[in-house]
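Chemist: What follows is work_8.cif, made up of mmCIF, C-alpha atoms:
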data_input
#
loop_
_atom_site.label_atom_id
_atom_site.label_comp_id
_atom_site.auth_asym_id
_atom_site.auth_seq_id
_atom_site.Cartn_x
_atom_site.Cartn_y
_atom_site.Cartn_z
CA MET E 717 104.79 199.02 157.07
CA THR E 718 102.38 201.45 155.44
CA GLU E 719 103.13 204.95 154.25
CA ILE E 720 100.41 207.25 152.93
CA ILE E 721 101.32 210.66 151.59
CA LEU E 722 99.34 213.40 149.89
CA THR E 723 101.70 215.88 148.35
CA GLN E 724 101.55 219.11 146.39
CA VAL E 725 105.03 218.57 144.98
CA PRO E 726 105.92 216.04 142.27
CA ILE E 727 105.79 212.42 143.41
CA ASP E 728 109.17 210.70 143.70
CA ILE E 729 108.35 207.21 142.39
CA HIS E 730 111.79 205.93 143.28
CA TYR E 731 111.35 206.88 146.91
CA GLY E 732 108.25 204.70 147.12
CA ILE E 733 109.91 201.76 145.38
CA ASN E 734 112.96 201.94 147.61
CA ALA E 735 110.70 202.20 150.67
CA VAL E 736 108.94 198.89 149.93
CA MET E 737 112.15 196.96 149.14
CA ASP E 738 112.66 194.26 151.74
CA PRO E 739 114.99 191.25 152.14
CA ALA E 740 111.88 189.08 152.52
CA ALA E 741 110.36 190.42 149.28
CA GLY E 742 110.25 188.33 146.12
CA GLY E 743 107.83 190.53 144.19
CA ILE E 744 107.07 194.23 144.08
CA ASP E 745 104.23 195.67 142.06
CA VAL E 746 104.06 199.37 141.35
CA PHE E 747 101.18 201.27 139.81
CA ILE E 748 101.75 204.74 138.46
CA GLY E 749 98.85 206.86 137.29
CA THR E 750 99.89 209.60 134.90
CA VAL E 751 98.05 212.52 133.29
CA ARG E 752 96.91 211.65 129.78
CA GLU E 753 97.12 214.20 127.01
CA GLN E 754 93.54 213.50 126.00
CA THR E 755 90.28 212.11 127.31
CA LYS E 756 87.44 211.05 125.03
CA GLY E 757 89.30 212.63 122.13
CA LYS E 758 89.60 216.08 123.75
CA ARG E 759 93.02 217.57 124.38
CA VAL E 760 93.74 218.03 128.09
CA LEU E 761 95.68 221.14 129.10
CA ARG E 762 96.09 220.16 132.75
CA LEU E 763 94.41 218.43 135.66
CA GLU E 764 93.58 219.95 139.02
CA PHE E 765 93.36 217.59 141.98
CA GLU E 766 91.64 218.60 145.17
CA ALA E 767 91.54 216.44 148.31
CA TYR E 768 89.68 216.39 151.62
CA GLU E 769 93.07 215.61 153.03
CA LYS E 770 92.27 214.35 156.51
CA MET E 771 89.57 212.00 155.24
CA ALA E 772 91.56 210.98 152.16
CA VAL E 773 94.37 209.80 154.42
CA SER E 774 91.96 207.93 156.72
CA GLU E 775 90.18 206.26 153.78
CA LEU E 776 93.53 205.27 152.27
CA ALA E 777 94.54 203.83 155.63
CA LYS E 778 91.36 201.72 155.61
CA ILE E 779 92.18 200.46 152.11
CA THR E 780 95.76 199.53 152.95
CA ALA E 781 94.63 197.85 156.20
CA ALA E 782 92.10 195.83 154.20
CA ALA E 783 94.87 194.85 151.75
CA PHE E 784 97.13 193.70 154.58
CA ALA E 785 94.21 191.67 156.00
CA LYS E 786 93.52 190.05 152.64
CA TRP E 787 97.03 189.30 151.35
CA PRO E 788 100.39 188.46 152.97
CA LEU E 789 102.12 191.78 152.26
CA LEU E 790 105.36 193.27 153.49
CA LYS E 791 105.23 197.01 152.78
CA VAL E 792 102.84 199.40 151.06
CA VAL E 793 103.41 203.00 149.99
CA VAL E 794 100.65 205.18 148.51
CA HIS E 795 101.45 208.65 147.23
CA HIS E 796 98.78 210.90 145.73
CA ARG E 797 99.42 214.29 144.23
CA THR E 798 97.19 217.32 144.70
CA GLY E 799 97.15 220.68 142.95
CA ILE E 800 97.81 221.41 139.29
CA LEU E 801 99.35 218.66 137.13
CA ALA E 802 100.61 218.90 133.55
CA VAL E 803 100.30 216.11 130.98
CA GLY E 804 102.71 213.27 131.76
CA GLU E 805 102.98 214.03 135.46
CA THR E 806 102.35 211.35 138.07
CA ALA E 807 99.03 211.67 139.92
CA VAL E 808 99.32 208.54 142.03
CA ALA E 809 102.01 205.96 142.77
CA ILE E 810 101.34 202.77 144.70
CA ALA E 811 104.12 200.31 145.59
CA VAL E 812 103.44 196.95 147.23
CA SER E 813 105.99 194.33 148.25
CA ALA E 814 105.29 190.73 149.20
CA ALA E 815 107.14 187.43 149.42
CA HIS E 816 105.32 186.30 146.26
CA ARG E 817 104.15 188.18 143.22
CA ASP E 818 100.49 187.10 143.30
CA ALA E 819 99.88 189.04 146.51
CA ALA E 820 101.79 192.09 145.28
CA PHE E 821 99.86 192.28 141.98
CA GLU E 822 96.44 191.64 143.48
CA ALA E 823 96.87 194.02 146.40
CA CYS E 824 98.21 196.82 144.20
CA ARG E 825 95.25 196.42 141.87
CA PHE E 826 92.83 196.37 144.81
CA ILE E 827 94.33 199.53 146.27
CA ILE E 828 94.07 201.61 143.07
CA ASP E 829 90.59 200.27 142.25
CA THR E 830 89.26 201.01 145.74
CA LEU E 831 91.04 204.37 145.90
CA LYS E 832 89.12 205.43 142.81
CA GLN E 833 85.83 204.47 144.47
CA THR E 834 86.10 205.75 148.04
CA VAL E 835 88.93 208.24 148.61
CA PRO E 836 87.75 211.87 148.69
CA ILE E 837 89.96 213.27 145.97
CA TRP E 838 88.56 215.12 142.97
CA LYS E 839 89.98 215.73 139.55
CA LYS E 840 89.08 218.60 137.25
CA GLU E 841 90.01 218.23 133.60
CA VAL E 842 90.88 221.54 131.96
CA PHE E 843 90.43 221.73 128.18
CA GLU E 844 91.00 224.54 125.72
CA ASP E 845 87.28 225.36 125.73
CA GLY E 846 86.22 224.59 129.27
CA GLU E 847 86.66 222.36 132.28
CA VAL E 848 84.82 219.53 133.97
CA TRP E 849 84.87 217.80 137.35
CA VAL E 850 85.34 214.16 136.38
CA ALA E 851 82.42 211.83 137.22
CA ALA E 852 80.42 214.64 138.84
CA HIS E 853 77.43 214.41 136.51
CA PRO E 854 75.58 211.43 135.08
CA MET U 970 107.92 200.51 121.66
CA THR U 971 109.55 197.43 123.19
CA GLU U 972 112.91 197.25 124.88
CA ILE U 973 114.39 193.95 126.06
CA ILE U 974 117.67 193.91 127.90
CA LEU U 975 119.68 191.19 129.60
CA THR U 976 122.32 192.74 131.78
CA GLN U 977 125.14 191.65 134.05
CA VAL U 978 125.12 194.98 135.86
CA PRO U 979 122.45 196.06 138.38
CA ILE U 980 119.09 196.89 136.80
CA ASP U 981 118.17 200.57 136.81
CA ILE U 982 114.43 200.40 137.57
CA HIS U 983 114.02 204.11 137.03
CA TYR U 984 115.40 203.91 133.53
CA GLY U 985 112.67 201.41 132.62
CA ILE U 986 109.91 203.46 134.20
CA ASN U 987 111.03 206.64 132.48
CA ALA U 988 111.28 204.76 129.18
CA VAL U 989 107.60 203.71 129.25
CA MET U 990 106.28 207.13 130.27
CA ASP U 991 104.14 208.56 127.48
CA PRO U 992 101.78 211.53 127.10
CA ALA U 993 99.09 209.03 126.01
CA ALA U 994 99.59 206.89 129.13
CA GLY U 995 97.09 206.86 131.96
CA GLY U 996 98.43 203.82 133.77
CA ILE U 997 101.85 202.24 134.17
CA ASP U 998 102.35 198.94 135.92
CA VAL U 999 105.81 197.87 137.01
CA PHE U 1000 106.81 194.48 138.33
CA ILE U 1001 110.11 194.09 140.14
CA GLY U 1002 111.38 190.66 141.14
CA THR U 1003 113.90 190.79 143.97
CA VAL U 1004 116.11 188.18 145.62
CA ARG U 1005 114.50 186.86 148.79
CA GLU U 1006 116.63 186.14 151.85
CA GLN U 1007 115.06 182.73 152.26
CA THR U 1008 113.23 180.06 150.35
CA LYS U 1009 111.31 177.24 152.05
CA GLY U 1010 112.79 178.35 155.36
CA LYS U 1011 116.42 178.11 154.20
CA ARG U 1012 118.66 181.15 154.23
CA VAL U 1013 119.78 182.20 150.74
CA LEU U 1014 123.32 183.52 150.42
CA ARG U 1015 123.03 184.56 146.80
CA LEU U 1016 121.45 183.64 143.48
CA GLU U 1017 123.24 182.90 140.25
CA PHE U 1018 121.36 183.54 137.01
CA GLU U 1019 122.44 182.02 133.74
CA ALA U 1020 120.79 182.78 130.39
CA TYR U 1021 120.84 181.41 126.87
CA GLU U 1022 121.01 185.01 125.87
CA LYS U 1023 120.11 184.93 122.20
CA MET U 1024 117.11 182.68 122.76
CA ALA U 1025 116.08 184.48 125.97
CA VAL U 1026 115.85 187.72 124.00
CA SER U 1027 113.88 186.08 121.19
CA GLU U 1028 111.47 184.37 123.62
CA LEU U 1029 110.97 187.67 125.46
CA ALA U 1030 110.28 189.35 122.12
CA LYS U 1031 107.58 186.74 121.44
CA ILE U 1032 106.02 187.39 124.84
CA THR U 1033 105.96 191.16 124.44
CA ALA U 1034 104.60 190.82 120.89
CA ALA U 1035 101.83 188.58 122.25
CA ALA U 1036 101.08 191.20 124.93
CA PHE U 1037 100.86 193.98 122.32
CA ALA U 1038 98.51 191.77 120.28
CA LYS U 1039 96.29 191.06 123.29
CA TRP U 1040 96.07 194.49 124.98
CA PRO U 1041 96.23 198.10 123.78
CA LEU U 1042 99.67 198.96 125.13
CA LEU U 1043 101.96 201.91 124.57
CA LYS U 1044 105.45 200.86 125.69
CA VAL U 1045 107.01 197.82 127.31
CA VAL U 1046 110.45 197.45 128.86
CA VAL U 1047 111.79 194.13 130.18
CA HIS U 1048 115.12 193.98 131.98
CA HIS U 1049 116.53 190.73 133.32
CA ARG U 1050 119.72 190.40 135.29
CA THR U 1051 122.26 187.62 134.86
CA GLY U 1052 125.25 186.65 136.98
CA ILE U 1053 125.57 186.68 140.77
CA LEU U 1054 122.90 188.53 142.78
CA ALA U 1055 122.83 189.29 146.49
CA VAL U 1056 119.70 189.30 148.65
CA GLY U 1057 117.54 192.35 147.90
CA GLU U 1058 118.89 192.89 144.39
CA THR U 1059 116.57 193.17 141.40
CA ALA U 1060 116.48 190.08 139.16
CA VAL U 1061 113.80 191.33 136.78
CA ALA U 1062 111.96 194.59 136.12
CA ILE U 1063 109.02 194.87 133.74
CA ALA U 1064 107.35 198.20 132.99
CA VAL U 1065 104.20 198.51 130.87
CA SER U 1066 102.34 201.68 129.94
CA ALA U 1067 98.84 201.91 128.49
CA ALA U 1068 96.08 204.46 128.16
CA HIS U 1069 94.14 202.59 130.85
CA ARG U 1070 95.28 200.65 133.89
CA ASP U 1071 93.49 197.36 133.13
CA ALA U 1072 95.70 196.71 130.13
CA ALA U 1073 98.87 197.75 131.99
CA PHE U 1074 98.17 195.45 134.95
CA GLU U 1075 97.07 192.45 132.90
CA ALA U 1076 99.90 192.68 130.37
CA CYS U 1077 102.56 193.11 133.07
CA ARG U 1078 101.20 190.05 134.88
CA PHE U 1079 101.10 188.08 131.63
CA ILE U 1080 104.69 188.99 130.79
CA ILE U 1081 106.18 187.90 134.13
CA ASP U 1082 104.04 184.73 134.27
CA THR U 1083 105.01 183.70 130.74
CA LEU U 1084 108.65 184.71 131.23
CA LYS U 1085 108.84 182.25 134.12
CA GLN U 1086 107.47 179.48 131.91
CA THR U 1087 109.27 179.89 128.61
CA VAL U 1088 112.36 182.12 128.75
CA PRO U 1089 115.64 180.17 128.93
CA ILE U 1090 117.05 181.68 132.10
CA TRP U 1091 118.10 179.57 135.06
CA LYS U 1092 118.50 180.41 138.70
CA LYS U 1093 120.73 178.62 141.16
CA GLU U 1094 120.05 179.18 144.83
CA VAL U 1095 123.17 179.09 146.95
CA PHE U 1096 122.70 178.20 150.62
CA GLU U 1097 125.20 177.82 153.47
CA ASP U 1098 125.21 174.06 153.00
CA GLY U 1099 124.78 173.61 149.27
CA GLU U 1100 123.17 174.89 146.13
CA VAL U 1101 120.30 173.93 143.87
CA TRP U 1102 119.13 174.74 140.35
CA VAL U 1103 115.56 175.92 140.95
CA ALA U 1104 112.83 173.71 139.43
CA ALA U 1105 115.38 171.33 137.87
CA HIS U 1106 114.20 168.21 139.70
CA PRO U 1107 110.71 166.93 140.50
CA MET D 621 63.40 219.48 170.22
CA GLY D 622 62.88 222.96 169.04
CA SER D 623 66.42 224.02 169.88
CA ILE D 624 68.55 225.24 166.96
CA MET D 625 72.20 224.47 166.17
CA LYS D 626 74.58 225.90 163.59
CA ILE D 627 76.36 223.39 161.36
CA THR D 628 79.31 224.27 159.16
CA VAL D 629 79.30 222.27 155.94
CA ILE D 630 82.56 222.08 154.00
CA ALA D 631 82.53 221.30 150.32
CA PHE D 632 84.98 220.03 147.71
CA GLY D 633 85.19 219.82 143.95
CA VAL D 634 81.97 220.52 142.11
CA ALA D 635 80.12 220.93 145.44
CA ARG D 636 82.44 223.79 146.37
CA GLU D 637 81.55 225.44 143.08
CA ILE D 638 77.82 224.88 143.65
CA PHE D 639 78.09 226.47 147.11
CA GLY D 640 80.26 229.24 145.70
CA ALA D 641 82.47 228.75 148.79
CA GLY D 642 84.60 226.16 150.52
CA SER D 643 82.12 226.06 153.39
CA ILE D 644 78.68 227.33 154.34
CA GLU D 645 76.81 227.61 157.61
CA THR D 646 73.32 226.32 158.03
CA GLU D 647 70.85 226.10 160.93
CA LEU D 648 69.24 222.82 161.91
CA TYR D 649 67.14 221.52 164.78
CA THR D 650 69.42 219.86 167.33
CA ASP D 651 68.15 216.37 166.56
CA ALA D 652 68.58 216.77 162.82
CA SER D 653 69.95 213.84 160.85
CA VAL D 654 72.22 213.65 157.83
CA GLY D 655 69.09 213.00 155.75
CA THR D 656 67.49 216.21 157.01
CA LEU D 657 70.65 218.13 156.09
CA ARG D 658 70.60 216.62 152.58
CA ASN D 659 67.01 217.74 152.02
CA LEU D 660 67.73 221.22 153.29
CA LEU D 661 70.83 221.61 151.13
CA GLU D 662 69.08 220.32 148.01
CA GLN D 663 66.33 222.92 148.50
CA LYS D 664 68.89 225.69 148.95
CA TYR D 665 71.24 224.42 146.19
CA PRO D 666 69.14 222.58 143.61
CA ARG D 667 72.23 221.83 141.49
CA LEU D 668 73.28 219.31 144.18
CA GLY D 669 70.40 217.16 142.93
CA ASP D 670 71.92 217.18 139.41
CA LEU D 671 75.05 215.35 140.58
CA ALA D 672 75.54 211.70 139.67
CA SER D 673 75.51 211.13 143.44
CA TYR D 674 77.02 212.62 146.57
CA MET D 675 77.71 211.53 150.10
CA ILE D 676 77.90 213.38 153.38
CA ALA D 677 80.85 212.74 155.65
CA VAL D 678 80.66 213.38 159.39
CA ASN D 679 84.00 213.63 161.19
CA SER D 680 85.78 212.18 158.15
CA GLU D 681 83.53 209.10 157.89
CA TYR D 682 80.88 208.46 155.25
CA ALA D 683 77.54 208.91 157.10
CA GLU D 684 74.20 207.23 156.40
CA PRO D 685 71.07 209.44 156.31
CA ASN D 686 69.90 208.30 159.77
CA ILE D 687 73.03 209.56 161.56
CA VAL D 688 72.16 212.40 164.00
CA LEU D 689 74.27 215.52 163.77
CA ALA D 690 75.85 217.56 166.58
CA ALA D 691 77.03 221.16 166.36
CA SER D 692 80.61 220.06 167.00
CA ASP D 693 80.64 217.66 164.01
CA GLU D 694 82.81 218.30 160.99
CA VAL D 695 80.37 217.87 158.13
CA ALA D 696 81.47 217.65 154.49
CA ILE D 697 79.80 217.21 151.10
CA ILE D 698 81.54 214.50 149.09
CA PRO D 699 80.61 214.68 145.38
CA PRO D 700 81.56 211.68 143.20
CA VAL D 701 85.26 211.05 143.80
CA SER D 702 87.71 210.90 140.90
CA GLY D 703 91.18 210.46 142.39
CA GLY D 704 93.89 208.19 141.01
CA MET J 1005 121.25 157.43 105.27
CA GLY J 1006 124.41 156.00 106.67
CA SER J 1007 126.24 159.34 106.54
CA ILE J 1008 127.39 160.76 109.88
CA MET J 1009 127.28 164.36 111.07
CA LYS J 1010 128.77 166.04 114.11
CA ILE J 1011 126.35 168.08 116.24
CA THR J 1012 127.48 170.50 118.96
CA VAL J 1013 125.04 170.56 121.86
CA ILE J 1014 125.25 173.52 124.20
CA ALA J 1015 123.94 173.23 127.71
CA PHE J 1016 122.84 175.58 130.48
CA GLY J 1017 122.10 175.39 134.19
CA VAL J 1018 121.85 171.92 135.61
CA ALA J 1019 122.38 170.42 132.12
CA ARG J 1020 125.76 172.13 131.89
CA GLU J 1021 126.68 170.51 135.20
CA ILE J 1022 125.46 167.09 134.00
CA PHE J 1023 127.56 167.39 130.84
CA GLY J 1024 130.48 168.72 132.86
CA ALA J 1025 130.91 171.35 130.11
CA GLY J 1026 129.11 174.18 128.41
CA SER J 1027 128.91 172.14 125.22
CA ILE J 1028 129.59 168.64 123.96
CA GLU J 1029 129.97 167.15 120.50
CA THR J 1030 128.07 164.08 119.43
CA GLU J 1031 127.79 162.09 116.22
CA LEU J 1032 124.42 161.39 114.64
CA TYR J 1033 123.18 159.97 111.33
CA THR J 1034 122.43 162.84 108.98
CA ASP J 1035 118.66 162.31 109.11
CA ALA J 1036 118.56 162.20 112.92
CA SER J 1037 115.70 163.94 114.69
CA VAL J 1038 115.53 165.83 117.96
CA GLY J 1039 113.96 162.70 119.49
CA THR J 1040 116.95 160.59 118.40
CA LEU J 1041 119.31 163.10 119.98
CA ARG J 1042 117.31 162.99 123.23
CA ASN J 1043 117.57 159.21 123.40
CA LEU J 1044 121.29 159.25 122.68
CA LEU J 1045 121.99 161.95 125.29
CA GLU J 1046 119.93 160.16 127.93
CA GLN J 1047 121.93 156.98 127.35
CA LYS J 1048 125.22 158.86 127.62
CA TYR J 1049 124.07 161.13 130.51
CA PRO J 1050 121.47 159.20 132.54
CA ARG J 1051 121.06 162.13 134.97
CA LEU J 1052 119.23 164.01 132.18
CA GLY J 1053 116.38 161.54 132.76
CA ASP J 1054 116.18 162.61 136.42
CA LEU J 1055 115.23 166.18 135.49
CA ALA J 1056 111.66 167.36 136.02
CA SER J 1057 111.65 167.90 132.24
CA TYR J 1058 113.86 169.37 129.58
CA MET J 1059 113.48 170.71 126.09
CA ILE J 1060 115.78 170.87 123.12
CA ALA J 1061 116.10 174.14 121.22
CA VAL J 1062 117.21 174.26 117.61
CA ASN J 1063 118.42 177.61 116.34
CA SER J 1064 116.92 179.35 119.40
CA GLU J 1065 113.46 177.79 118.96
CA TYR J 1066 111.89 175.07 121.08
CA ALA J 1067 111.90 171.96 118.87
CA GLU J 1068 109.50 169.00 118.88
CA PRO J 1069 111.01 165.47 118.79
CA ASN J 1070 110.16 165.00 115.09
CA ILE J 1071 112.30 167.94 113.92
CA VAL J 1072 115.22 166.77 111.76
CA LEU J 1073 118.65 168.11 112.65
CA ALA J 1074 121.36 169.50 110.37
CA ALA J 1075 125.06 169.80 111.18
CA SER J 1076 124.82 173.58 110.95
CA ASP J 1077 122.05 173.82 113.58
CA GLU J 1078 122.65 175.44 116.95
CA VAL J 1079 121.31 172.82 119.33
CA ALA J 1080 120.81 173.51 123.03
CA ILE J 1081 119.54 171.58 126.05
CA ILE J 1082 116.98 173.63 127.96
CA PRO J 1083 116.42 172.26 131.45
CA PRO J 1084 113.39 173.59 133.39
CA VAL J 1085 113.62 177.38 133.27
CA SER J 1086 113.53 179.45 136.45
CA GLY J 1087 114.05 183.07 135.47
CA GLY J 1088 112.20 186.04 136.94
#
Could you write out this structure as structure tokens?
Modeler:
Amino acid sequence: MTEIILTQVPIDIHYGINAVMDPAAGGIDVFIGTVREQTKGKRVLRLEFEAYEKMAVSELAKITAAAFAKWPLLKVVVHHRTGILAVGETAVAIAVSAAHRDAAFEACRFIIDTLKQTVPIWKKEVFEDGEVWVAAHP
Amino acid sequence: MTEIILTQVPIDIHYGINAVMDPAAGGIDVFIGTVREQTKGKRVLRLEFEAYEKMAVSELAKITAAAFAKWPLLKVVVHHRTGILAVGETAVAIAVSAAHRDAAFEACRFIIDTLKQTVPIWKKEVFEDGEVWVAAHP
Amino acid sequence: MGSIMKITVIAFGVAREIFGAGSIETELYTDASVGTLRNLLEQKYPRLGDLASYMIAVNSEYAEPNIVLAASDEVAIIPPVSGG
Amino acid sequence: MGSIMKITVIAFGVAREIFGAGSIETELYTDASVGTLRNLLEQKYPRLGDLASYMIAVNSEYAEPNIVLAASDEVAIIPPVSGG
């Protein structure tokens, strides 16, 4: 089972965890990415996430399919937020269940690492004195 | 911040996650160990967890202190259940927050791996036709 | 050869700001490739060349420069991603 | 030397079942070590020797065989752990 959701409303972490629970599961790993109050010493007022939604969903589906091919997994849920996020809010939540914890940990790590490399979602950091699209410039 | 709890009542995963949330956090990793319906092909009716509570708490405190020494962490919560657990119930929940995800993932993995090696908690698997203390015999 | 097609290019993040719009239209020869489109866009919008990198997606798939475009394609500029 | 002390040994998991109780009392010379206690318990409860391994904890700390015991110590048998 795979569930991929982009949402403009706050992510319900508990929904994702409950969704990957399974009588065959021994281990569940959950990654939650939250908005940090500062980056490189500068105070962050908010983040703005923008997604090419159709392609973001299809790239996420490729990543989760690759994870299922690589590890014996039971269920995977990936939620990514879009729009304006305040400090402390959840930007992404990934929940992975498996019979054994090795697979759950490794697959969850793989999914967030690959998401950050290939999924067309962009983050703008807004500071008191300006804003910057993260990673846009060398 | 470290919180270590052994509990005879169901573990509230959300409590642990909320407790490690932090404005300085960029990544939170959560591990949840749940009771599997079968082990080595045999159907599990229930698990019974027994703890040497005082020492379990002190060994867990050593593990979390070692994790704080090894990685730049913000908050760690470890909850372990004792008593009788049905299939699907949560036996352990570990939540770790850090500024960056590498530390959160690695520390969470370290805590569950070390917990399974050193913390005096014992699990009895109860089957239809008998029961066994896990790992007791070669 | 010689025939002209109109391609709509959608843009996100910093590319949307460089274009000053969520999408632009551009004219290309009908056998134009993704590489041709890149060159054309970089001439028109030199700030694209200042990016750390960027990709072009055709119909929601990352497209190599040799891919040939059709007027019906959904073409998008993908500046460096930063989700998660 | 020669003086006798009573040690209470608490037991968990499979060790509790081997003892048939959550704790037992045993008599040891006052300079007895953890290793001496192990030998004595294995003679009295041969099934302890069938375990994959077991440790002895003294005052909630894993104790090496050379540690000397005192009557006031909290001594526990720790069969192979299986939490998590």
Chemist: Provide as a PDB file with C-alpha atoms, in the coordinates of the input the residues of chain J at most 8 Å from chain U, counting only C-alpha atoms.
Modeler:
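Generated file (part-v1.pdb):
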ATOM      1  CA  PHE J1016     122.840 175.580 130.480  1.00  0.00           C
ATOM      2  CA  GLY J1017     122.100 175.390 134.190  1.00  0.00           C
ATOM      3  CA  VAL J1018     121.850 171.920 135.610  1.00  0.00           C
ATOM      4  CA  ASP J1054     116.180 162.610 136.420  1.00  0.00           C
ATOM      5  CA  LEU J1055     115.230 166.180 135.490  1.00  0.00           C
ATOM      6  CA  ALA J1056     111.660 167.360 136.020  1.00  0.00           C
ATOM      7  CA  SER J1057     111.650 167.900 132.240  1.00  0.00           C
ATOM      8  CA  SER J1064     116.920 179.350 119.400  1.00  0.00           C
ATOM      9  CA  GLU J1065     113.460 177.790 118.960  1.00  0.00           C
ATOM     10  CA  ILE J1082     116.980 173.630 127.960  1.00  0.00           C
ATOM     11  CA  PRO J1083     116.420 172.260 131.450  1.00  0.00           C
ATOM     12  CA  PRO J1084     113.390 173.590 133.390  1.00  0.00           C
ATOM     13  CA  VAL J1085     113.620 177.380 133.270  1.00  0.00           C
ATOM     14  CA  SER J1086     113.530 179.450 136.450  1.00  0.00           C
ATOM     15  CA  GLY J1087     114.050 183.070 135.470  1.00  0.00           C
ATOM     16  CA  GLY J1088     112.200 186.040 136.940  1.00  0.00           C
TER      17      GLY J1088
END
Chemist: Evaluate the PyMOL selection byres ((chain U) within 9 of (chain E)) and record the selected residues as a PyMOL selection string, following the chain and residue labels used in the document.
Modeler: chain U and resi 982-983+990-1007+1056-1058+1068+1070-1071+1073-1074+1078
Chemist: Could you save those same residues with C-alpha atoms as a PDB file, in the frame of the given file?
Modeler:
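Output file part.pdb follows:
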ATOM      1  CA  ILE U 982     114.430 200.400 137.570  1.00  0.00           C
ATOM      2  CA  HIS U 983     114.020 204.110 137.030  1.00  0.00           C
ATOM      3  CA  MET U 990     106.280 207.130 130.270  1.00  0.00           C
ATOM      4  CA  ASP U 991     104.140 208.560 127.480  1.00  0.00           C
ATOM      5  CA  PRO U 992     101.780 211.530 127.100  1.00  0.00           C
ATOM      6  CA  ALA U 993      99.090 209.030 126.010  1.00  0.00           C
ATOM      7  CA  ALA U 994      99.590 206.890 129.130  1.00  0.00           C
ATOM      8  CA  GLY U 995      97.090 206.860 131.960  1.00  0.00           C
ATOM      9  CA  GLY U 996      98.430 203.820 133.770  1.00  0.00           C
ATOM     10  CA  ILE U 997     101.850 202.240 134.170  1.00  0.00           C
ATOM     11  CA  ASP U 998     102.350 198.940 135.920  1.00  0.00           C
ATOM     12  CA  VAL U 999     105.810 197.870 137.010  1.00  0.00           C
ATOM     13  CA  PHE U1000     106.810 194.480 138.330  1.00  0.00           C
ATOM     14  CA  ILE U1001     110.110 194.090 140.140  1.00  0.00           C
ATOM     15  CA  GLY U1002     111.380 190.660 141.140  1.00  0.00           C
ATOM     16  CA  THR U1003     113.900 190.790 143.970  1.00  0.00           C
ATOM     17  CA  VAL U1004     116.110 188.180 145.620  1.00  0.00           C
ATOM     18  CA  ARG U1005     114.500 186.860 148.790  1.00  0.00           C
ATOM     19  CA  GLU U1006     116.630 186.140 151.850  1.00  0.00           C
ATOM     20  CA  GLN U1007     115.060 182.730 152.260  1.00  0.00           C
ATOM     21  CA  VAL U1056     119.700 189.300 148.650  1.00  0.00           C
ATOM     22  CA  GLY U1057     117.540 192.350 147.900  1.00  0.00           C
ATOM     23  CA  GLU U1058     118.890 192.890 144.390  1.00  0.00           C
ATOM     24  CA  ALA U1068      96.080 204.460 128.160  1.00  0.00           C
ATOM     25  CA  ARG U1070      95.280 200.650 133.890  1.00  0.00           C
ATOM     26  CA  ASP U1071      93.490 197.360 133.130  1.00  0.00           C
ATOM     27  CA  ALA U1073      98.870 197.750 131.990  1.00  0.00           C
ATOM     28  CA  PHE U1074      98.170 195.450 134.950  1.00  0.00           C
ATOM     29  CA  ARG U1078     101.200 190.050 134.880  1.00  0.00           C
TER      30      ARG U1078
END
Chemist: What would the selection look like, as number ranges by chain, if the PyMOL selection byres ((chain D and resi 622-631) around 9) were run on the coordinates I just shared?
Modeler: E: 768; D: 621, 632-639, 641-651, 689-699
Chemist: Would you compute the distance between CA of Thr1040 (chain J) and CA of Ile1060 (chain J)? Give it in Å to one decimal.
Modeler: 11.4 Å
Chemist: Which one of U:Leu1016, U:Val1095, U:Ile980, U:Val989 sits closest to Gly1052 (chain U) if you count only C-alpha atoms?
Modeler: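 For Gly1052 (chain U), the nearest of the given residues is U:Leu1016.
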Chemist: What is the CA of Met970 (chain U) to CA of Leu1043 (chain U) distance in Å?
Modeler: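 Separation of CA of Met970 (chain U) and CA of Leu1043 (chain U): 6.8 Å.
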Chemist: Please list as number ranges by chain every residue within 7 Å of Thr780 (chain E), counting all atoms listed in the file and excluding residues in the same chain fewer than 4 positions away.
Modeler: E: 776, 784, 827
Chemist: Evaluate the PyMOL selection byres ((chain D and resi 653) around 8) here and jot the selected residues down as number ranges by chain.
Modeler: D: 651-652, 654-657, 685-689
Chemist: For CA of Gly732 (chain E) and CA of Leu975 (chain U), quote the distance in Å rounded to one decimal.
Modeler: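 Spanning CA of Gly732 (chain E) to CA of Leu975 (chain U) is a straight-line distance of 24.9 Å.
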Chemist: Would you list the contacts of Lys1039 (chain U) as a list of chain:residue names, taking every protein, DNA or RNA residue within 9 Å and counting all atoms listed in the file, but skipping same-chain residues closer than 4 positions in sequence?
Modeler: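 The residues satisfying every condition are U:Ala1034, U:Ala1035, U:Ala1072, U:Ala1076.
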